[in-house]
file upload11.cif (mmCIF, C-alpha atoms)
data_upload
loop_
_atom_site.label_atom_id
_atom_site.label_comp_id
_atom_site.auth_asym_id
_atom_site.auth_seq_id
_atom_site.Cartn_x
_atom_site.Cartn_y
_atom_site.Cartn_z
CA MET A 1063 0.14 -144.01 160.81
CA GLY A 1064 -0.22 -140.25 160.33
CA TYR A 1065 2.54 -139.14 162.71
CA PHE A 1066 4.52 -137.11 160.20
CA ARG A 1067 3.78 -133.66 158.83
CA GLU A 1068 1.94 -133.90 155.51
CA ASN A 1069 4.88 -132.64 153.45
CA ILE A 1070 7.15 -135.25 155.05
CA GLU A 1071 4.67 -138.05 154.33
CA LYS A 1072 4.61 -137.01 150.67
CA ALA A 1073 8.34 -136.43 150.31
CA ILE A 1074 10.41 -138.95 148.35
CA GLY A 1075 13.71 -137.88 149.90
CA TYR A 1076 17.12 -137.44 148.35
CA ILE A 1077 18.57 -140.45 146.52
CA PRO A 1078 22.38 -140.42 146.76
CA GLY A 1079 24.65 -141.94 144.16
CA LEU A 1080 25.13 -145.67 144.58
CA GLN A 1081 27.85 -146.60 147.08
CA PRO A 1082 28.79 -150.20 146.23
CA ASP A 1083 30.33 -152.29 149.00
CA LYS A 1084 32.79 -153.91 146.62
CA LEU A 1085 36.28 -152.43 146.46
CA ASP A 1086 37.36 -153.93 143.13
CA ILE A 1087 35.28 -151.57 141.00
CA VAL A 1088 35.77 -148.40 138.97
CA LYS A 1089 33.70 -145.87 140.90
CA LEU A 1090 33.02 -142.77 138.79
CA ASN A 1091 29.50 -141.93 139.95
CA THR A 1092 29.67 -139.59 142.96
CA ASN A 1093 32.39 -137.06 142.04
CA GLU A 1094 34.86 -138.10 144.71
CA ASN A 1095 38.47 -137.12 144.16
CA PRO A 1096 40.31 -140.23 142.93
CA TYR A 1097 43.51 -139.28 144.77
CA PRO A 1098 44.17 -139.59 148.53
CA PRO A 1099 44.11 -136.59 150.87
CA SER A 1100 47.24 -134.71 151.88
CA PRO A 1101 49.74 -136.62 154.07
CA ALA A 1102 49.22 -133.75 156.55
CA VAL A 1103 45.66 -135.02 157.04
CA LEU A 1104 46.85 -138.49 158.03
CA GLU A 1105 49.37 -136.93 160.39
CA ALA A 1106 46.58 -134.91 162.02
CA VAL A 1107 44.58 -138.12 162.52
CA ARG A 1108 47.55 -139.81 164.19
CA ASN A 1109 47.99 -136.82 166.52
CA ILE A 1110 44.42 -136.75 167.83
CA SER A 1111 44.58 -137.17 171.61
CA PRO A 1112 42.18 -139.10 173.85
CA GLU A 1113 41.41 -135.82 175.62
CA GLN A 1114 40.17 -134.28 172.35
CA LEU A 1115 37.79 -137.19 171.91
CA ARG A 1116 36.60 -137.06 175.52
CA ARG A 1117 35.59 -133.40 175.33
CA TYR A 1118 32.98 -131.72 173.18
CA PRO A 1119 34.58 -130.18 170.09
CA GLN A 1120 34.98 -126.48 169.35
CA PRO A 1121 31.44 -125.15 168.73
CA ARG A 1122 32.53 -123.11 165.70
CA ALA A 1123 35.50 -125.23 164.53
CA ASN A 1124 37.86 -122.35 165.18
CA ASN A 1125 40.99 -124.31 164.26
CA PHE A 1126 39.67 -124.61 160.73
CA ARG A 1127 38.28 -121.08 160.61
CA THR A 1128 41.68 -119.67 161.58
CA ALA A 1129 43.46 -121.78 158.96
CA ALA A 1130 40.93 -120.93 156.24
CA SER A 1131 41.13 -117.24 157.14
CA GLN A 1132 44.87 -117.31 156.50
CA VAL A 1133 44.55 -119.22 153.22
CA PHE A 1134 41.72 -117.17 151.72
CA LYS A 1135 42.57 -113.80 153.33
CA ILE A 1136 39.03 -113.51 154.70
CA PRO A 1137 38.30 -112.78 158.39
CA ALA A 1138 37.33 -115.82 160.46
CA GLU A 1139 34.12 -114.05 161.50
CA ASN A 1140 33.02 -114.29 157.86
CA ILE A 1141 33.29 -118.11 157.83
CA ILE A 1142 30.87 -120.77 159.04
CA CYS A 1143 31.73 -124.49 159.19
CA THR A 1144 29.13 -127.19 158.56
CA ASN A 1145 28.74 -130.95 158.46
CA GLY A 1146 29.28 -131.13 154.73
CA GLY A 1147 28.04 -128.53 152.27
CA ASP A 1148 24.61 -130.14 152.47
CA GLU A 1149 24.14 -128.94 156.05
CA LEU A 1150 24.84 -125.38 154.94
CA LEU A 1151 22.15 -125.72 152.26
CA SER A 1152 19.66 -126.97 154.84
CA ILE A 1153 20.56 -124.18 157.25
CA ALA A 1154 20.15 -121.53 154.53
CA ILE A 1155 16.71 -122.77 153.50
CA ARG A 1156 15.59 -122.87 157.12
CA ALA A 1157 16.99 -119.39 157.68
CA PHE A 1158 15.47 -117.59 154.72
CA CYS A 1159 12.51 -119.62 153.45
CA ASP A 1160 9.13 -120.73 154.73
CA GLU A 1161 5.66 -121.45 153.35
CA ASN A 1162 5.47 -117.90 151.97
CA ARG A 1163 9.13 -117.26 151.12
CA CYS A 1164 10.31 -119.07 147.99
CA LEU A 1165 13.51 -120.79 146.96
CA ALA A 1166 14.60 -120.28 143.34
CA TYR A 1167 17.27 -122.02 141.27
CA PRO A 1168 17.99 -122.89 137.61
CA VAL A 1169 17.50 -126.48 136.43
CA PRO A 1170 18.79 -129.07 135.90
CA THR A 1171 21.08 -128.76 138.91
CA TYR A 1172 21.91 -130.44 142.22
CA SER A 1173 18.86 -132.54 143.01
CA LEU A 1174 19.09 -131.96 146.77
CA TYR A 1175 17.76 -128.39 146.48
CA PRO A 1176 14.11 -129.34 145.83
CA VAL A 1177 14.29 -132.15 148.38
CA LEU A 1178 15.37 -129.77 151.14
CA ALA A 1179 12.70 -127.28 150.10
CA GLU A 1180 10.05 -129.98 150.29
CA LEU A 1181 11.19 -131.10 153.73
CA HIS A 1182 11.00 -127.52 154.99
CA ASN A 1183 7.63 -126.94 153.30
CA CYS A 1184 9.08 -124.20 151.13
CA PRO A 1185 7.74 -123.41 147.63
CA THR A 1186 10.26 -123.54 144.79
CA ILE A 1187 10.67 -121.66 141.53
CA GLU A 1188 12.63 -123.62 138.92
CA ILE A 1189 13.95 -121.73 135.88
CA ASP A 1190 15.19 -123.80 132.94
CA PHE A 1191 18.74 -123.46 131.69
CA ASP A 1192 19.11 -123.27 127.92
CA GLU A 1193 21.10 -125.96 126.10
CA GLU A 1194 24.36 -124.09 126.78
CA TYR A 1195 23.58 -123.65 130.51
CA ASN A 1196 23.64 -119.86 130.41
CA LEU A 1197 22.34 -118.02 133.49
CA PRO A 1198 18.57 -117.56 132.89
CA ALA A 1199 17.53 -113.90 132.90
CA LYS A 1200 14.24 -114.86 134.56
CA LEU A 1201 16.10 -115.94 137.68
CA ALA A 1202 16.46 -112.29 138.71
CA LYS A 1203 12.69 -111.74 138.48
CA THR A 1204 11.43 -114.43 140.89
CA ASP A 1205 11.30 -112.30 144.07
CA ALA A 1206 12.59 -115.38 145.94
CA ALA A 1207 13.88 -115.11 149.49
CA LEU A 1208 16.79 -117.39 148.56
CA THR A 1209 18.29 -118.04 145.15
CA ILE A 1210 20.84 -120.85 144.70
CA VAL A 1211 23.20 -121.14 141.75
CA CYS A 1212 25.50 -124.15 141.65
CA ASN A 1213 28.71 -122.92 139.98
CA PRO A 1214 30.26 -124.94 138.42
CA ASN A 1215 26.87 -126.50 137.92
CA ALA A 1216 26.09 -130.12 138.64
CA PRO A 1217 25.56 -132.20 136.58
CA SER A 1218 26.69 -130.10 133.60
CA GLY A 1219 30.07 -128.84 134.81
CA SER A 1220 29.26 -125.49 133.18
CA PHE A 1221 30.50 -122.23 134.69
CA ILE A 1222 28.86 -118.81 135.03
CA SER A 1223 31.20 -115.84 135.25
CA PRO A 1224 31.54 -113.88 138.51
CA ASP A 1225 30.43 -110.73 136.66
CA GLU A 1226 27.12 -112.36 135.70
CA LEU A 1227 26.53 -113.53 139.26
CA ALA A 1228 27.43 -110.08 140.56
CA SER A 1229 24.69 -108.65 138.34
CA LEU A 1230 22.26 -111.23 139.72
CA ALA A 1231 23.19 -110.41 143.32
CA ASP A 1232 22.69 -106.72 142.61
CA GLU A 1233 19.29 -107.23 141.01
CA ILE A 1234 17.58 -109.61 143.45
CA SER A 1235 16.07 -108.54 146.77
CA GLY A 1236 16.84 -111.76 148.63
CA VAL A 1237 19.96 -113.80 149.35
CA LEU A 1238 22.12 -115.37 146.63
CA LEU A 1239 23.85 -118.61 147.64
CA ILE A 1240 26.56 -119.60 145.18
CA ASP A 1241 27.26 -123.30 145.60
CA GLU A 1242 30.95 -123.61 144.74
CA ALA A 1243 31.31 -127.27 145.69
CA TYR A 1244 33.27 -127.91 142.48
CA VAL A 1245 35.07 -124.58 142.13
CA ASP A 1246 38.46 -126.09 143.01
CA PHE A 1247 38.57 -127.39 139.43
CA ALA A 1248 37.40 -124.14 137.79
CA GLU A 1249 39.42 -121.30 136.33
CA ASP A 1250 37.75 -118.63 138.51
CA ASN A 1251 35.55 -118.20 141.58
CA CYS A 1252 33.18 -115.70 143.20
CA LEU A 1253 35.02 -114.81 146.39
CA GLY A 1254 35.48 -111.28 145.07
CA LEU A 1255 31.72 -110.70 145.37
CA LEU A 1256 31.92 -110.75 149.17
CA ALA A 1257 33.49 -107.30 149.28
CA LYS A 1258 30.66 -105.83 147.18
CA PHE A 1259 27.49 -107.54 148.39
CA ASP A 1260 26.00 -108.26 151.81
CA ASN A 1261 23.45 -110.72 150.36
CA VAL A 1262 25.90 -113.31 148.98
CA ILE A 1263 26.85 -116.64 150.58
CA ILE A 1264 29.58 -118.74 148.97
CA LEU A 1265 29.53 -122.43 149.83
CA ARG A 1266 32.66 -124.58 149.70
CA THR A 1267 33.46 -128.18 150.57
CA LEU A 1268 36.49 -130.36 151.27
CA SER A 1269 34.83 -133.36 149.62
CA LYS A 1270 36.09 -132.68 146.10
CA GLY A 1271 39.41 -130.87 145.69
CA TYR A 1272 40.73 -131.92 149.09
CA SER A 1273 39.75 -135.63 148.87
CA LEU A 1274 37.83 -135.59 152.15
CA ALA A 1275 34.30 -136.69 151.25
CA GLY A 1276 34.49 -139.18 154.12
CA ILE A 1277 34.75 -136.61 156.92
CA ARG A 1278 31.76 -134.46 155.79
CA PHE A 1279 33.18 -130.97 156.04
CA GLY A 1280 31.73 -127.91 154.39
CA PHE A 1281 32.15 -124.19 154.98
CA ALA A 1282 30.85 -120.91 153.68
CA PHE A 1283 31.87 -117.28 153.37
CA ALA A 1284 29.46 -114.38 153.82
CA HIS A 1285 28.99 -110.94 155.36
CA ARG A 1286 29.40 -111.02 159.14
CA ARG A 1287 25.69 -110.33 159.73
CA LEU A 1288 24.69 -113.30 157.57
CA ILE A 1289 27.16 -115.57 159.34
CA GLU A 1290 25.81 -114.50 162.73
CA GLY A 1291 22.29 -115.41 161.66
CA LEU A 1292 23.28 -118.75 160.14
CA LEU A 1293 25.18 -119.73 163.30
CA LYS A 1294 21.89 -119.60 165.22
CA LEU A 1295 20.56 -122.53 163.17
CA LYS A 1296 23.46 -124.97 163.20
CA ASP A 1297 23.72 -127.81 165.70
CA SER A 1298 25.65 -126.86 168.85
CA TYR A 1299 28.62 -129.09 168.00
CA ASN A 1300 28.13 -129.85 164.32
CA ILE A 1301 31.83 -130.36 163.54
CA ASP A 1302 33.53 -133.17 165.44
CA ALA A 1303 37.08 -132.87 166.78
CA LEU A 1304 38.56 -135.22 164.19
CA ALA A 1305 36.97 -133.33 161.30
CA ASN A 1306 38.13 -129.98 162.66
CA GLU A 1307 41.76 -131.08 162.89
CA THR A 1308 41.91 -132.93 159.58
CA ALA A 1309 40.11 -130.14 157.70
CA ALA A 1310 42.54 -127.55 159.10
CA ALA A 1311 45.49 -129.70 158.02
CA ALA A 1312 44.07 -130.17 154.53
CA ILE A 1313 43.32 -126.50 153.88
CA GLN A 1314 46.84 -125.48 154.93
CA ASP A 1315 48.56 -127.87 152.51
CA GLN A 1316 47.86 -125.81 149.41
CA VAL A 1317 50.82 -127.25 147.49
CA TYR A 1318 49.45 -130.79 147.70
CA PHE A 1319 45.96 -129.51 146.94
CA ARG A 1320 47.04 -127.69 143.78
CA ASN A 1321 49.03 -130.67 142.52
CA THR A 1322 46.04 -132.97 142.97
CA VAL A 1323 43.68 -130.56 141.23
CA GLU A 1324 46.05 -130.22 138.26
CA LYS A 1325 46.16 -134.00 137.87
CA VAL A 1326 42.37 -134.17 137.79
CA LYS A 1327 42.17 -131.31 135.27
CA ALA A 1328 44.71 -133.01 132.99
CA GLU A 1329 42.71 -136.25 133.07
CA ARG A 1330 39.50 -134.28 132.49
CA ALA A 1331 40.90 -132.88 129.23
CA LYS A 1332 42.15 -136.31 128.12
CA LEU A 1333 38.88 -138.07 128.98
CA THR A 1334 36.86 -135.41 127.18
CA GLU A 1335 38.71 -136.03 123.92
CA GLN A 1336 38.48 -139.81 124.31
CA LEU A 1337 34.71 -139.67 124.81
CA LYS A 1338 34.28 -137.36 121.85
CA GLY A 1339 36.29 -139.84 119.80
CA LEU A 1340 33.71 -142.50 120.69
CA GLY A 1341 30.85 -140.35 119.42
CA PHE A 1342 29.71 -138.65 122.64
CA ASP A 1343 28.89 -134.97 122.83
CA VAL A 1344 30.70 -133.65 125.90
CA LEU A 1345 30.10 -130.26 127.48
CA ASP A 1346 33.14 -128.23 128.45
CA SER A 1347 33.50 -128.83 132.17
CA GLN A 1348 34.99 -126.71 134.96
CA ALA A 1349 34.30 -129.45 137.53
CA ASN A 1350 35.76 -132.91 138.24
CA PHE A 1351 33.16 -134.66 136.11
CA LEU A 1352 31.84 -134.67 132.55
CA LEU A 1353 28.32 -134.72 131.16
CA ALA A 1354 28.35 -136.89 128.06
CA LYS A 1355 25.45 -137.16 125.61
CA CYS A 1356 25.04 -140.69 124.27
CA ASN A 1357 24.43 -140.39 120.53
CA ASN A 1358 25.03 -143.99 119.50
CA ARG A 1359 23.34 -145.94 122.29
CA ASP A 1360 20.59 -145.54 124.90
CA ALA A 1361 22.13 -143.90 127.99
CA LEU A 1362 20.36 -146.17 130.48
CA GLU A 1363 21.47 -149.25 128.56
CA LEU A 1364 25.07 -148.00 128.57
CA TYR A 1365 24.86 -147.32 132.28
CA GLU A 1366 23.55 -150.82 133.03
CA ARG A 1367 26.13 -152.54 130.84
CA LEU A 1368 28.93 -150.60 132.53
CA VAL A 1369 27.63 -151.69 135.95
CA LYS A 1370 27.86 -155.31 134.84
CA ARG A 1371 31.54 -154.66 134.18
CA GLY A 1372 32.07 -153.16 137.63
CA ILE A 1373 32.17 -149.59 136.34
CA TYR A 1374 29.82 -147.09 137.97
CA VAL A 1375 28.85 -143.76 136.43
CA ARG A 1376 25.70 -141.69 137.09
CA TYR A 1377 22.43 -141.82 135.15
CA PHE A 1378 19.60 -139.34 135.71
CA ALA A 1379 16.04 -139.93 134.52
CA TYR A 1380 15.43 -136.15 134.42
CA PRO A 1381 13.85 -135.20 131.03
CA THR A 1382 16.80 -133.19 129.70
CA LEU A 1383 19.39 -135.63 131.10
CA LYS A 1384 18.02 -139.06 130.23
CA ASP A 1385 20.16 -139.27 127.09
CA LYS A 1386 23.35 -138.45 129.03
CA LEU A 1387 25.76 -139.93 131.54
CA ARG A 1388 27.63 -138.00 134.21
CA ILE A 1389 31.14 -139.37 134.57
CA THR A 1390 33.48 -138.50 137.42
CA VAL A 1391 37.08 -137.98 136.32
CA GLY A 1392 39.11 -140.82 137.79
CA THR A 1393 42.75 -141.83 137.82
CA PRO A 1394 44.40 -142.60 134.46
CA GLU A 1395 43.91 -146.30 135.17
CA GLN A 1396 40.21 -145.90 136.00
CA ASN A 1397 39.56 -143.73 132.98
CA ASP A 1398 41.33 -146.20 130.71
CA LYS A 1399 39.14 -149.03 132.01
CA LEU A 1400 36.05 -146.94 131.31
CA ILE A 1401 37.12 -146.11 127.77
CA CYS A 1402 38.04 -149.74 127.03
CA ALA A 1403 34.65 -150.91 128.30
CA LEU A 1404 32.80 -148.30 126.25
CA LYS A 1405 34.71 -149.28 123.12
CA GLU A 1406 33.75 -152.91 123.69
CA ILE A 1407 30.09 -152.11 124.34
CA LEU A 1408 29.75 -149.74 121.38
CA SER A 1409 31.42 -152.19 118.98
CA LYS A 1410 28.62 -154.73 119.41
#

call {"tool": "encode", "arguments": {"input": "upload11.cif", "output": "structure tokens"}}
result
Amino acid sequence: MGYFRENIEKAIGYIPGLQPDKLDIVKLNTNENPYPPSPAVLEAVRNISPEQLRRYPQPRANNFRTAASQVFKIPAENIICTNGGDELLSIAIRAFCDENRCLAYPVPTYSLYPVLAELHNCPTIEIDFDEEYNLPAKLAKTDAALTIVCNPNAPSGSFISPDELASLADEISGVLLIDEAYVDFAEDNCLGLLAKFDNVIILRTLSKGYSLAGIRFGFAFAHRRLIEGLLKLKDSYNIDALANETAAAAIQDQVYFRNTVEKVKAERAKLTEQLKGLGFDVLDSQANFLLAKCNNRDALELYERLVKRGIYVRYFAYPTLKDKLRITVGTPEQNDKLICALKEILSK
């Protein structure tokens, strides 16, 4: 028909992890938190008034910004709220990149980055990680307008130290966006860089550590000038009233949050050892998932045979990932079902 821009016509689009309609499955493919959100979130939902739903929501989600400011000890003016972390990524690419201003990132990583760049007609520079997922030195030499580093990285779960990312921020001329979607499960984070650099954006989400993937709530920290510019690009009312209230309730219940994260981390350690015992090579992970190399069986075959048993993990056809499976850390019961199924499959 020829109605779309050429780059849109050619684009494949992002392919999300499979979301099966069945409830009686073991779903370990999209890195959701296996535990429910804080009871304070459910209380916030019950307390939503008809008047809040009748009116437009707060344009900047100030209830959440105030709560997050208190939790993280960062001024509210340094926080932007978005419809999931993915909206922040889209806003950043629109803000800093165009046909002549590149996006750079190390690979393999979150597969949405190149999709967004393609949709916005932005050239990309992809720098390969080594086998240990160290920060590539070449990333500082790209002269990109925007550089994104997912940390902990997806799908590897590997972590780059704040000192290394501080050196990168100091060396590049453009903006460094550190995608900390999985940082709730890591031993450190990069919030300390905000006091030293005016070119750093730190993305967070409530989808992982706070068990709120269903409400689509992301946020980011940055220098006030960066936040002011990013606010120009967001939708007028991008955070609905329900999301604002539930997100604020979740971020304030840090005791529940920490308890949930510790349960996931304990299961992560247990699942790592179990997979290694079955012959998988498993990278040390600082996220809520594991990347497991399949040494004894074809990864795609394993994936397909698990699906037949109602167990969903993630398979990527990417060249350096096609011999691996990414496995979300589930509850003890879910992880046990996975291990039992793998033992059965590998014994035949």

call {"tool": "residues_near_point", "arguments": {"input": "upload11.cif", "point": "(28.1, -142.3, 124.6)", "cutoff": "6 Å", "atoms": "all atoms listed in the file", "output": "compact mmCIF listing (two decimals) with C-alpha atoms, in the coordinates of the input"}}
result
# COMPACT_ATOMS: atom_id res chain seq x y z
CA PHE A 1342 29.71 -138.65 122.64
CA LYS A 1355 25.45 -137.16 125.61
CA CYS A 1356 25.04 -140.69 124.27
CA ASN A 1357 24.43 -140.39 120.53

call {"tool": "resolve_selection", "arguments": {"input": "upload11.cif", "expression": "the PyMOL selection byres ((chain A and resi 1103-1111) around 7)", "output": "number ranges by chain"}}
result
A: 1099-1102, 1112-1115, 1304, 1307-1308, 1311-1312

call {"tool": "resolve_selection", "arguments": {"input": "upload11.cif", "expression": "the PyMOL selection byres ((chain A and resi 1129-1145) around 8)", "output": "PDB file with C-alpha atoms, keeping the file's coordinate frame"}}
result
ATOM      1  CA  ARG A1122      32.530-123.110 165.700  1.00  0.00           C
ATOM      2  CA  ALA A1123      35.500-125.230 164.530  1.00  0.00           C
ATOM      3  CA  ASN A1125      40.990-124.310 164.260  1.00  0.00           C
ATOM      4  CA  PHE A1126      39.670-124.610 160.730  1.00  0.00           C
ATOM      5  CA  ARG A1127      38.280-121.080 160.610  1.00  0.00           C
ATOM      6  CA  THR A1128      41.680-119.670 161.580  1.00  0.00           C
ATOM      7  CA  GLY A1146      29.280-131.130 154.730  1.00  0.00           C
ATOM      8  CA  GLY A1147      28.040-128.530 152.270  1.00  0.00           C
ATOM      9  CA  ASP A1148      24.610-130.140 152.470  1.00  0.00           C
ATOM     10  CA  GLU A1149      24.140-128.940 156.050  1.00  0.00           C
ATOM     11  CA  LEU A1150      24.840-125.380 154.940  1.00  0.00           C
ATOM     12  CA  ARG A1278      31.760-134.460 155.790  1.00  0.00           C
ATOM     13  CA  PHE A1279      33.180-130.970 156.040  1.00  0.00           C
ATOM     14  CA  GLY A1280      31.730-127.910 154.390  1.00  0.00           C
ATOM     15  CA  PHE A1281      32.150-124.190 154.980  1.00  0.00           C
ATOM     16  CA  ALA A1282      30.850-120.910 153.680  1.00  0.00           C
ATOM     17  CA  PHE A1283      31.870-117.280 153.370  1.00  0.00           C
ATOM     18  CA  ALA A1284      29.460-114.380 153.820  1.00  0.00           C
ATOM     19  CA  HIS A1285      28.990-110.940 155.360  1.00  0.00           C
ATOM     20  CA  ARG A1286      29.400-111.020 159.140  1.00  0.00           C
ATOM     21  CA  ILE A1289      27.160-115.570 159.340  1.00  0.00           C
ATOM     22  CA  LEU A1292      23.280-118.750 160.140  1.00  0.00           C
ATOM     23  CA  LEU A1293      25.180-119.730 163.300  1.00  0.00           C
ATOM     24  CA  LYS A1296      23.460-124.970 163.200  1.00  0.00           C
ATOM     25  CA  ASN A1300      28.130-129.850 164.320  1.00  0.00           C
ATOM     26  CA  ILE A1301      31.830-130.360 163.540  1.00  0.00           C
ATOM     27  CA  ALA A1310      42.540-127.550 159.100  1.00  0.00           C
ATOM     28  CA  ILE A1313      43.320-126.500 153.880  1.00  0.00           C
ATOM     29  CA  GLN A1314      46.840-125.480 154.930  1.00  0.00           C
TER      30      GLN A1314
END

call {"tool": "resolve_selection", "arguments": {"input": "upload11.cif", "expression": "the PyMOL selection byres ((chain A and resi 1160-1175) around 7)", "output": "MDAnalysis selection string"}}
result
chainID A and resid 1076 1159 1176:1179 1183:1191 1206:1212 1215:1217

call {"tool": "atom_distance", "arguments": {"input": "upload11.cif", "atom1": "CA of Val1344 (chain A)", "atom2": "CA of Ser1409 (chain A)"}}
result
19.8 Å

call {"tool": "closest_residue", "arguments": {"input": "upload11.cif", "among": "A:Leu1239, A:Ala1305, A:Leu1253, A:Leu1151", "to": "Leu1268 (chain A)", "atoms": "all atoms listed in the file"}}
result
A:Ala1305

call {"tool": "residues_around", "arguments": {"input": "upload11.cif", "residues": "Ile1087 (chain A)", "least_positions_apart": "2", "cutoff": "9 Å", "atoms": "all atoms listed in the file", "output": "number ranges by chain"}}
result
A: 1082, 1084-1085, 1089, 1371-1374

call {"tool": "residues_near_point", "arguments": {"input": "upload11.cif", "point": "(37.5, -153.4, 130.0)", "cutoff": "12 Å", "atoms": "only C-alpha atoms", "output": "PyMOL selection string"}}
result
chain A and resi 1087-1088+1367-1373+1395-1407

call {"tool": "residues_around", "arguments": {"input": "upload11.cif", "residues": "region 1319-1329 of chain A", "least_positions_apart": "4", "cutoff": "7 Å", "atoms": "all atoms listed in the file", "output": "list of chain:residue names"}}
result
A:Phe1247, A:Gly1271, A:Tyr1272, A:Asp1315, A:Leu1333, A:Asn1350, A:Val1391, A:Pro1394

call {"tool": "write_last_selection", "arguments": {"input": "upload11.cif", "atoms": "C-alpha atoms", "output": "JSON list (two decimals), in the coordinates of the input"}}
result
[["chain", "number", "residue", "atom", "x", "y", "z"],
["A", 1247, "PHE", "CA", 38.57, -127.39, 139.43],
["A", 1271, "GLY", "CA", 39.41, -130.87, 145.69],
["A", 1272, "TYR", "CA", 40.73, -131.92, 149.09],
["A", 1315, "ASP", "CA", 48.56, -127.87, 152.51],
["A", 1333, "LEU", "CA", 38.88, -138.07, 128.98],
["A", 1350, "ASN", "CA", 35.76, -132.91, 138.24],
["A", 1391, "VAL", "CA", 37.08, -137.98, 136.32],
["A", 1394, "PRO", "CA", 44.40, -142.60, 134.46]]

call {"tool": "closest_residue", "arguments": {"input": "upload11.cif", "among": "A:Leu1090, A:Ala1073, A:Ala1257, A:Leu1265", "to": "Ala1243 (chain A)", "atoms": "all atoms listed in the file"}}
result
A:Leu1265

call {"tool": "atom_distance", "arguments": {"input": "upload11.cif", "atom1": "CA of Val1237 (chain A)", "atom2": "CA of Lys1203 (chain A)"}}
result
13.2 Å

call {"tool": "closest_residue", "arguments": {"input": "upload11.cif", "among": "A:Glu1194, A:Lys1072, A:Val1375, A:Ser1229", "to": "Leu1387 (chain A)", "atoms": "only C-alpha atoms"}}
result
A:Val1375

call {"tool": "axis_aligned_box", "arguments": {"input": "upload11.cif", "around": "region 1201-1212 of chain A", "padding_each_side": "8 Å", "output": "lines of an AutoDock Vina configuration file"}}
result
center_x = 18.4
center_y = -117.9
center_z = 143.6
size_x = 30.2
size_y = 28.4
size_z = 27.8

call {"tool": "atom_distance", "arguments": {"input": "upload11.cif", "atom1": "CA of Asp1385 (chain A)", "atom2": "CA of Asp1360 (chain A)"}}
result
6.7 Å

call {"tool": "residues_around", "arguments": {"input": "upload11.cif", "residues": "Asp1346 (chain A)", "least_positions_apart": "4", "cutoff": "8 Å", "atoms": "all atoms listed in the file", "output": "mmCIF file with C-alpha atoms, keeping the file's coordinate frame"}}
result
data_model
loop_
_atom_site.group_PDB
_atom_site.id
_atom_site.type_symbol
_atom_site.label_atom_id
_atom_site.label_comp_id
_atom_site.auth_asym_id
_atom_site.auth_seq_id
_atom_site.Cartn_x
_atom_site.Cartn_y
_atom_site.Cartn_z
ATOM 1 C CA GLY A 1219 30.070 -128.840 134.810
ATOM 2 C CA SER A 1220 29.260 -125.490 133.180
ATOM 3 C CA LEU A 1352 31.840 -134.670 132.550
#

call {"tool": "closest_residue", "arguments": {"input": "upload11.cif", "among": "A:Pro1078, A:Ala1228, A:Leu1337, A:Pro1121", "to": "Asn1091 (chain A)", "atoms": "only C-alpha atoms"}}
result
A:Pro1078

call {"tool": "closest_residue", "arguments": {"input": "upload11.cif", "among": "A:Ser1269, A:Arg1116, A:Ser1218, A:Arg1330", "to": "Leu1383 (chain A)", "atoms": "only C-alpha atoms"}}
result
A:Ser1218

call {"tool": "closest_residue", "arguments": {"input": "upload11.cif", "among": "A:Ala1248, A:Leu1256, A:Glu1094, A:Ala1354", "to": "Phe1378 (chain A)", "atoms": "all atoms listed in the file"}}
result
A:Ala1354
